[in-house]
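Below: query16.txt (compact mmCIF, C-alpha atoms)
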# COMPACT_ATOMS: atom_id res chain seq x y z
CA MET A 953 0.00 0.00 0.00
CA ARG A 954 2.83 2.36 0.93
CA LEU A 955 4.69 1.50 -2.28
CA LYS A 956 1.58 2.27 -4.32
CA ASN A 957 1.26 5.68 -2.59
CA ILE A 958 4.93 6.47 -3.29
CA ILE A 959 4.52 5.56 -6.96
CA SER A 960 1.35 7.65 -7.18
CA GLY A 961 3.18 10.58 -5.57
CA LYS A 962 6.05 10.36 -8.02
CA PHE A 963 3.58 10.16 -10.90
CA LEU A 964 1.91 13.37 -9.75
CA ILE A 965 5.29 15.09 -9.42
CA TYR A 966 6.28 14.05 -12.95
CA CYS A 967 2.89 15.15 -14.33
CA GLY A 968 3.09 18.41 -12.45
CA GLY A 969 6.58 19.09 -13.76
CA GLY A 970 5.51 18.27 -17.28
CA GLY A 971 2.49 20.53 -16.95
CA LEU A 972 4.62 23.39 -15.66
CA PHE A 973 7.07 22.90 -18.54
CA LEU A 974 4.23 23.00 -21.06
CA ILE A 975 2.84 26.18 -19.51
CA LEU A 976 6.33 27.70 -19.66
CA LEU A 977 6.62 26.87 -23.36
CA ILE A 978 3.23 28.45 -24.04
CA LEU A 979 4.25 31.61 -22.17
CA ILE A 980 7.53 31.81 -24.08
CA TYR A 981 5.72 31.41 -27.40
CA TYR A 982 3.17 34.05 -26.42
CA PHE A 983 5.81 36.54 -25.29
CA PHE A 984 8.13 36.17 -28.26
CA PHE A 985 5.68 35.51 -31.08
CA ALA A 986 2.03 36.22 -30.34
CA VAL A 987 2.50 39.52 -28.47
CA GLY A 988 4.89 40.94 -31.05
CA MET A 989 2.95 39.79 -34.11
CA PRO A 990 0.91 42.51 -35.84
CA LYS A 991 -2.71 41.53 -36.43
CA ASP A 992 -2.36 41.79 -40.20
CA MET A 993 0.62 39.43 -40.35
CA VAL A 994 1.16 35.66 -40.10
CA PHE A 995 3.98 33.88 -38.32
CA ILE A 996 6.06 31.55 -40.50
CA PRO A 997 8.10 29.13 -38.34
CA GLY A 998 11.80 28.67 -38.98
CA GLY A 999 13.26 25.44 -40.26
CA GLU A 1000 14.00 23.61 -43.48
CA PHE A 1001 11.65 23.43 -46.44
CA ILE A 1002 11.80 22.20 -50.03
CA MET A 1003 12.64 25.05 -52.39
CA GLY A 1004 12.50 24.65 -56.16
CA VAL A 1005 11.44 21.58 -58.14
CA ASP A 1006 12.88 18.63 -60.04
CA ILE A 1007 11.91 17.84 -63.60
CA PRO A 1008 9.99 14.52 -63.56
CA LYS A 1009 11.70 11.32 -64.79
CA ASP A 1010 10.21 8.24 -66.41
CA GLU A 1011 10.59 4.64 -65.21
CA GLN A 1012 13.98 4.36 -66.93
CA GLY A 1013 15.25 7.43 -65.13
CA ARG A 1014 15.15 9.60 -68.22
CA ARG A 1015 14.00 13.17 -67.75
CA GLU A 1016 10.54 13.79 -69.15
CA VAL A 1017 9.76 16.86 -71.17
CA GLU A 1018 8.14 19.26 -68.73
CA LEU A 1019 7.33 22.53 -70.47
CA THR A 1020 5.78 24.15 -67.40
CA ILE A 1021 8.97 23.99 -65.31
CA ASP A 1022 11.70 26.53 -65.97
CA ILE A 1023 15.32 25.47 -65.54
CA ASP A 1024 16.00 28.34 -63.14
CA GLU A 1025 13.63 26.82 -60.56
CA THR A 1026 15.53 23.52 -60.51
CA PRO A 1027 16.68 21.49 -58.72
CA ALA A 1028 14.62 20.94 -55.60
CA HIS A 1029 16.81 21.54 -52.55
CA ASN A 1030 16.43 21.99 -48.82
CA VAL A 1031 16.74 25.52 -47.50
CA TYR A 1032 16.81 26.63 -43.87
CA ILE A 1033 15.35 29.99 -42.88
CA ASP A 1034 14.69 31.64 -39.55
CA GLY A 1035 11.14 32.29 -38.44
CA PHE A 1036 9.55 35.55 -39.59
CA TYR A 1037 6.26 37.33 -40.08
CA ILE A 1038 4.63 38.05 -43.44
CA ASP A 1039 1.59 40.10 -44.41
CA LYS A 1040 -1.56 38.01 -44.58
CA TYR A 1041 -2.67 40.00 -47.64
CA GLU A 1042 -1.04 42.03 -50.39
CA VAL A 1043 -0.72 45.76 -49.66
CA THR A 1044 -3.84 47.54 -50.88
CA ASN A 1045 -4.46 50.82 -52.68
CA ALA A 1046 -6.01 52.33 -49.55
CA GLN A 1047 -3.01 51.36 -47.42
CA PHE A 1048 -0.56 52.74 -49.96
CA LYS A 1049 -2.48 56.02 -50.16
CA LYS A 1050 -2.11 56.46 -46.38
CA PHE A 1051 1.63 55.95 -46.80
CA LEU A 1052 1.85 58.60 -49.54
CA LYS A 1053 -0.11 61.07 -47.44
CA ALA A 1054 1.91 60.43 -44.27
CA THR A 1055 5.28 60.71 -45.98
CA SER A 1056 4.51 63.22 -48.76
CA ARG A 1057 6.20 60.76 -51.11
CA LYS A 1058 5.53 61.37 -54.77
CA SER A 1059 5.11 58.12 -56.69
CA LEU A 1060 3.94 58.09 -60.29
CA LEU A 1061 1.51 55.17 -60.27
CA ILE A 1062 0.89 55.30 -63.99
CA ASP A 1063 1.39 52.53 -66.51
CA PRO A 1064 4.26 53.66 -68.76
CA VAL A 1065 2.80 51.54 -71.57
CA ASP A 1066 -0.72 53.00 -71.30
CA LYS A 1067 -0.72 56.39 -69.62
CA GLY A 1068 -4.43 56.89 -70.27
CA ALA A 1069 -5.56 53.61 -68.69
CA THR A 1070 -8.48 53.77 -66.27
CA TYR A 1071 -6.52 51.82 -63.65
CA ASN A 1072 -3.86 54.54 -63.35
CA TRP A 1073 -3.81 56.73 -60.26
CA LYS A 1074 -4.73 60.40 -60.66
CA GLU A 1075 -2.17 62.20 -58.55
CA ASP A 1076 -2.57 60.59 -55.10
CA ASN A 1077 -5.95 58.96 -55.76
CA TYR A 1078 -6.49 55.35 -56.77
CA PRO A 1079 -9.33 54.31 -59.12
CA GLU A 1080 -12.74 54.65 -57.54
CA GLY A 1081 -14.00 51.57 -55.72
CA GLN A 1082 -10.60 49.83 -55.64
CA GLY A 1083 -9.41 50.64 -52.15
CA ASP A 1084 -9.24 46.96 -51.20
CA ASN A 1085 -7.53 45.88 -54.41
CA PRO A 1086 -3.77 45.31 -54.22
CA VAL A 1087 -1.71 48.34 -55.16
CA VAL A 1088 0.12 47.90 -58.47
CA LEU A 1089 2.35 50.07 -60.67
CA VAL A 1090 4.80 50.37 -57.77
CA ASP A 1091 8.51 49.97 -58.49
CA PHE A 1092 10.96 48.26 -56.15
CA GLU A 1093 11.87 51.46 -54.28
CA ASP A 1094 8.18 52.28 -53.71
CA ALA A 1095 7.58 48.84 -52.21
CA LYS A 1096 10.71 48.98 -50.08
CA ALA A 1097 9.91 52.48 -48.79
CA TYR A 1098 6.38 51.45 -47.77
CA CYS A 1099 7.61 48.41 -45.86
CA GLU A 1100 10.26 50.46 -44.06
CA TRP A 1101 7.63 53.05 -43.13
CA LYS A 1102 5.66 50.23 -41.51
CA GLY A 1103 8.74 49.01 -39.65
CA ARG A 1104 8.96 46.03 -41.97
CA ARG A 1105 10.86 44.92 -45.07
CA LEU A 1106 10.32 43.05 -48.31
CA PRO A 1107 10.51 39.26 -48.02
CA THR A 1108 13.33 37.31 -49.60
CA GLU A 1109 12.33 34.87 -52.30
CA GLU A 1110 13.15 32.00 -49.93
CA GLU A 1111 10.78 33.40 -47.32
CA TRP A 1112 8.11 34.02 -49.94
CA GLU A 1113 8.28 30.46 -51.26
CA LYS A 1114 8.08 28.90 -47.81
CA ALA A 1115 5.09 31.07 -46.91
CA CYS A 1116 3.42 29.86 -50.12
CA ARG A 1117 4.11 26.13 -50.10
CA GLY A 1118 4.75 25.28 -46.45
CA ASP A 1119 7.12 22.43 -45.66
CA ASP A 1120 5.47 19.74 -47.80
CA GLY A 1121 6.68 20.97 -51.20
CA ARG A 1122 3.21 21.60 -52.63
CA LYS A 1123 2.80 23.08 -56.10
CA TRP A 1124 0.29 25.81 -55.34
CA SER A 1125 -0.60 27.59 -52.13
CA TYR A 1126 -3.77 25.50 -51.76
CA GLY A 1127 -2.28 22.10 -52.67
CA ASN A 1128 -1.19 19.94 -55.60
CA GLU A 1129 -4.37 19.70 -57.67
CA GLU A 1130 -4.62 21.85 -60.77
CA VAL A 1131 -7.99 23.42 -60.05
CA SER A 1132 -9.19 26.42 -62.03
CA GLY A 1133 -11.11 28.99 -60.01
CA TYR A 1134 -9.32 28.58 -56.69
CA ALA A 1135 -7.11 31.58 -57.46
CA ASN A 1136 -7.34 34.67 -59.62
CA THR A 1137 -5.29 33.46 -62.58
CA ARG A 1138 -5.91 33.84 -66.30
CA GLU A 1139 -8.32 30.90 -66.29
CA THR A 1140 -10.89 32.82 -64.20
CA ASN A 1141 -11.10 35.48 -66.94
CA LEU A 1142 -11.62 38.23 -64.37
CA LYS A 1143 -9.16 40.41 -66.31
CA TRP A 1144 -8.17 42.43 -63.26
CA SER A 1145 -7.17 41.97 -59.65
CA GLY A 1146 -9.77 41.19 -57.02
CA ALA A 1147 -9.99 42.65 -53.54
CA VAL A 1148 -7.36 41.01 -51.34
CA GLY A 1149 -8.63 37.78 -49.81
CA SER A 1150 -11.59 37.57 -52.20
CA PHE A 1151 -10.44 34.11 -53.36
CA PRO A 1152 -10.66 32.28 -50.01
CA LYS A 1153 -9.30 29.00 -51.41
CA ASP A 1154 -6.09 30.70 -52.51
CA ILE A 1155 -4.60 30.30 -49.04
CA SER A 1156 -1.31 28.76 -47.98
CA PRO A 1157 -0.69 26.25 -45.16
CA TYR A 1158 0.17 29.24 -42.94
CA LYS A 1159 -3.05 31.11 -43.85
CA VAL A 1160 -1.43 33.61 -46.21
CA PHE A 1161 -3.79 34.71 -48.99
CA ASP A 1162 -3.39 35.31 -52.74
CA MET A 1163 0.02 33.73 -53.27
CA THR A 1164 -1.07 31.73 -56.32
CA GLY A 1165 -3.11 34.42 -58.05
CA ASN A 1166 -4.21 38.06 -58.10
CA ILE A 1167 -0.90 39.90 -58.66
CA MET A 1168 2.82 39.20 -58.75
CA GLU A 1169 4.95 40.49 -55.87
CA TRP A 1170 8.33 42.11 -55.37
CA THR A 1171 10.95 40.37 -53.22
CA GLU A 1172 14.19 41.69 -51.80
CA SER A 1173 16.24 39.04 -53.60
CA GLN A 1174 18.72 39.37 -56.39
CA TYR A 1175 18.41 36.78 -59.15
CA MET A 1176 20.91 34.05 -58.32
CA PRO A 1177 21.29 30.37 -59.37
CA TYR A 1178 20.19 27.46 -57.22
CA PRO A 1179 22.86 24.98 -56.10
CA GLY A 1180 23.31 22.35 -58.80
CA THR A 1181 21.16 24.03 -61.45
CA GLU A 1182 21.87 23.37 -65.11
CA MET A 1183 21.24 27.02 -65.93
CA LYS A 1184 24.59 28.79 -65.86
CA ILE A 1185 23.98 32.24 -67.35
CA GLY A 1186 21.70 35.20 -66.74
CA PHE A 1187 22.30 35.56 -63.01
CA GLY A 1188 23.90 38.18 -60.81
CA GLY A 1189 22.54 41.30 -62.51
CA LEU A 1190 20.57 44.16 -61.03
CA GLU A 1191 17.22 42.46 -61.55
CA LYS A 1192 15.01 41.59 -58.61
CA VAL A 1193 13.09 38.34 -58.24
CA ILE A 1194 9.33 38.67 -58.34
CA ARG A 1195 7.07 35.87 -57.13
CA GLY A 1196 3.51 34.65 -57.43
CA GLY A 1197 1.00 34.34 -60.22
CA GLY A 1198 -1.66 36.79 -61.27
CA TRP A 1199 -4.77 37.52 -63.26
CA LEU A 1200 -2.80 37.62 -66.53
CA ILE A 1201 -0.85 34.41 -65.87
CA ASP A 1202 -1.93 30.81 -66.40
CA LEU A 1203 -2.20 28.47 -63.42
CA GLN A 1204 0.81 26.34 -64.39
CA SER A 1205 3.02 29.43 -64.36
CA SER A 1206 1.59 30.48 -60.99
CA ARG A 1207 3.15 27.64 -58.98
CA CYS A 1208 4.86 28.55 -55.69
CA SER A 1209 8.29 27.64 -57.08
CA ASN A 1210 8.05 29.70 -60.26
CA ARG A 1211 10.57 32.53 -60.54
CA ASN A 1212 10.36 35.75 -62.54
CA ILE A 1213 12.66 38.75 -62.66
CA THR A 1214 12.44 42.38 -63.60
CA ALA A 1215 14.38 45.63 -63.30
CA PRO A 1216 13.93 47.53 -59.99
CA GLU A 1217 12.43 50.50 -61.81
CA LYS A 1218 9.73 48.40 -63.50
CA ARG A 1219 6.08 49.45 -63.10
CA HIS A 1220 3.40 47.02 -64.22
CA ARG A 1221 -0.36 46.73 -63.81
CA MET A 1222 0.03 43.27 -62.27
CA LEU A 1223 3.00 43.90 -59.97
CA GLY A 1224 2.61 44.78 -56.30
CA PHE A 1225 3.98 43.50 -52.99
CA ARG A 1226 3.52 42.44 -49.40
CA CYS A 1227 5.86 43.00 -46.45
CA ALA A 1228 7.75 40.76 -44.05
CA LYS A 1229 9.17 41.37 -40.58
CA ASP A 1230 11.83 39.81 -38.40
CA ILE A 1231 10.63 38.24 -35.15
CA ARG A 1232 12.69 40.66 -33.10

Go through the file and emit its structure as structure tokens.
Amino acid sequence: MRLKNIISGKFLIYCGGGGLFLILLILIYYFFFAVGMPKDMVFIPGGEFIMGVDIPKDEQGRREVELTIDIDETPAHNVYIDGFYIDKYEVTNAQFKKFLKATSRKSLLIDPVDKGATYNWKEDNYPEGQGDNPVVLVDFEDAKAYCEWKGRRLPTEEEWEKACRGDDGRKWSYGNEEVSGYANTRETNLKWSGAVGSFPKDISPYKVFDMTGNIMEWTESQYMPYPGTEMKIGFGGLEKVIRGGGWLIDLQSSRCSNRNITAPEKRHRMLGFRCAKDIR
């Protein structure tokens, strides 16, 4: 009887210690992550994830022709990144207007290809009724300046890809099935961006919206080769990597791993951004 009581006492001690340890972990998480996380951002945990893709091979090990995969996004490789925060949604016209007003920054949000387009801003005013649409026609310096004004920064392409595909190597933010209509890509025939978050199925494992469709997004990253890639030229210039699909782009070209580049001064009707932030 005494032995049973001793064992029961030790069990309670062990359980109590474990419970206290669990509570301590919760408090640490809350203090370092939850308290410091802005409401409009999502926490992306640190760790390794699969970046890039491999071109499929047949049963004999020969590489199949895969026209939808670009050589610059190969091969698949493990990348470690620290935890960070990223905007849940793309930065909107209304948010960018507040930034312009607060900073007196003059940004010419006009399409250089079509200066009379109805989607161009008129001075500091975005098109009527599009306050919740993602801001476009911003160049790299515009995007960077906005993020810095918010106490944030642009994400790297590694951070962007992890936020899109999680740690399971999925093709699109929502999974591996090629389903038209989940995201605002060319197949939906909307012919313009939608309000941020208006495609609820275009959501990543970390609950980040519109990473498959809507608009493409600036990253901080310079265009550099992946380890072991067969592509040997075209890297190391001044171009910045842009990520994500959009309303003008087909679904296959809107995969999480797809890479595009453009000059920092580029302004385009389908190019915007979202911000990231270090944990501390």

- request: List the neighbours of stretch 1036-1050 of chain A out to 7 Å using only C-alpha atoms; skip same-chain residues closer than 4 positions along the sequence, and give me the result as a VMD selection string.
  value: chain A and resid 992 to 997 1054 1076 1078 1082 to 1087 1148 to 1149 1160 to 1162 1225 to 1231

Excluding same-chain residues fewer than 4 positions from A:Arg1221, what lies within 10 Å of it counting all atoms listed in the file, as an MDAnalysis selection string?
chainID A and resid 1061:1066 1069 1071:1072 1087:1090 1144:1145 1167:1168 1200

Output C-alpha atoms for every residue in the selection just made, as a short mmCIF file (atom, residue, chain, number, x, y, z; two decimals), in the coordinates of the input.
data_model
loop_
_atom_site.label_atom_id
_atom_site.label_comp_id
_atom_site.auth_asym_id
_atom_site.auth_seq_id
_atom_site.Cartn_x
_atom_site.Cartn_y
_atom_site.Cartn_z
CA LEU A 1061 1.51 55.17 -60.27
CA ILE A 1062 0.89 55.30 -63.99
CA ASP A 1063 1.39 52.53 -66.51
CA PRO A 1064 4.26 53.66 -68.76
CA VAL A 1065 2.80 51.54 -71.57
CA ASP A 1066 -0.72 53.00 -71.30
CA ALA A 1069 -5.56 53.61 -68.69
CA TYR A 1071 -6.52 51.82 -63.65
CA ASN A 1072 -3.86 54.54 -63.35
CA VAL A 1087 -1.71 48.34 -55.16
CA VAL A 1088 0.12 47.90 -58.47
CA LEU A 1089 2.35 50.07 -60.67
CA VAL A 1090 4.80 50.37 -57.77
CA TRP A 1144 -8.17 42.43 -63.26
CA SER A 1145 -7.17 41.97 -59.65
CA ILE A 1167 -0.90 39.90 -58.66
CA MET A 1168 2.82 39.20 -58.75
CA LEU A 1200 -2.80 37.62 -66.53
#

Selection near A:Asn1166, 6 Å with all atoms listed in the file, sequence-local residues under 3 positions removed, as a compact mmCIF listing (two decimals) with C-alpha atoms, in the coordinates of the input:
# COMPACT_ATOMS: atom_id res chain seq x y z
CA ASN A 1136 -7.34 34.67 -59.62
CA SER A 1145 -7.17 41.97 -59.65
CA GLY A 1198 -1.66 36.79 -61.27
CA TRP A 1199 -4.77 37.52 -63.26

Exercise. Identify, on the basis of all atoms listed in the file, every residue whose closest approach to stretch 1171-1188 of chain A does not exceed 9 Å; exclude the query and any residue fewer than 3 positions from it along the same chain; express the result as JSON, numbers by chain.
Key: {"A": [1004, 1023, 1024, 1025, 1026, 1027, 1028, 1029, 1092, 1096, 1105, 1106, 1107, 1108, 1109, 1110, 1112, 1191, 1192, 1193, 1194, 1195, 1212, 1213, 1225, 1226, 1227]}

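Take the candidates A:Ser1206, A:Glu1130, A:Ile1021, A:Gly1103 and check each one against A:Arg1232 using all atoms listed in the file; the shortest distance goes to A:Gly1103.
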
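In this structure, atom CA of A:Ser1205 sits 21.8 Å away from atom CA of A:Asn1030.
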
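Of the residues listed (A:Thr1164, A:Thr1055, A:Ser1156, A:Gln1204), A:Thr1055 shows the shortest atom-to-atom separation from A:Tyr1098; distances use all atoms listed in the file.
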
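Residue nearest A:Arg1117, chosen from A:Gly999, A:Pro1152, A:Gly1133, A:Pro1157 and counting all atoms listed in the file: A:Pro1157.
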
In Å and to one decimal, atom CA of A:Ala1095 is distant from atom CA of A:Gly1197 by 17.8 Å

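Nearest to A:Glu1111 of all the residues A:Leu1223, A:Leu1203, A:Cys1208, A:Ile1155 is A:Cys1208, counting all atoms listed in the file.
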
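Take the candidates A:Asp1094, A:Ile1033, A:Pro990, A:Thr1137 and check each one against A:Lys1058 using all atoms listed in the file; the shortest distance goes to A:Asp1094.
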
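The space separating atom CA of A:Ser1150 from atom CA of A:Cys1099 comes to 22.9 Å.
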
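Nearest residue to A:Gly1118 among A:Thr1020, A:Arg1219, A:Tyr1158, A:Lys1143 is A:Tyr1158, counting all atoms listed in the file.
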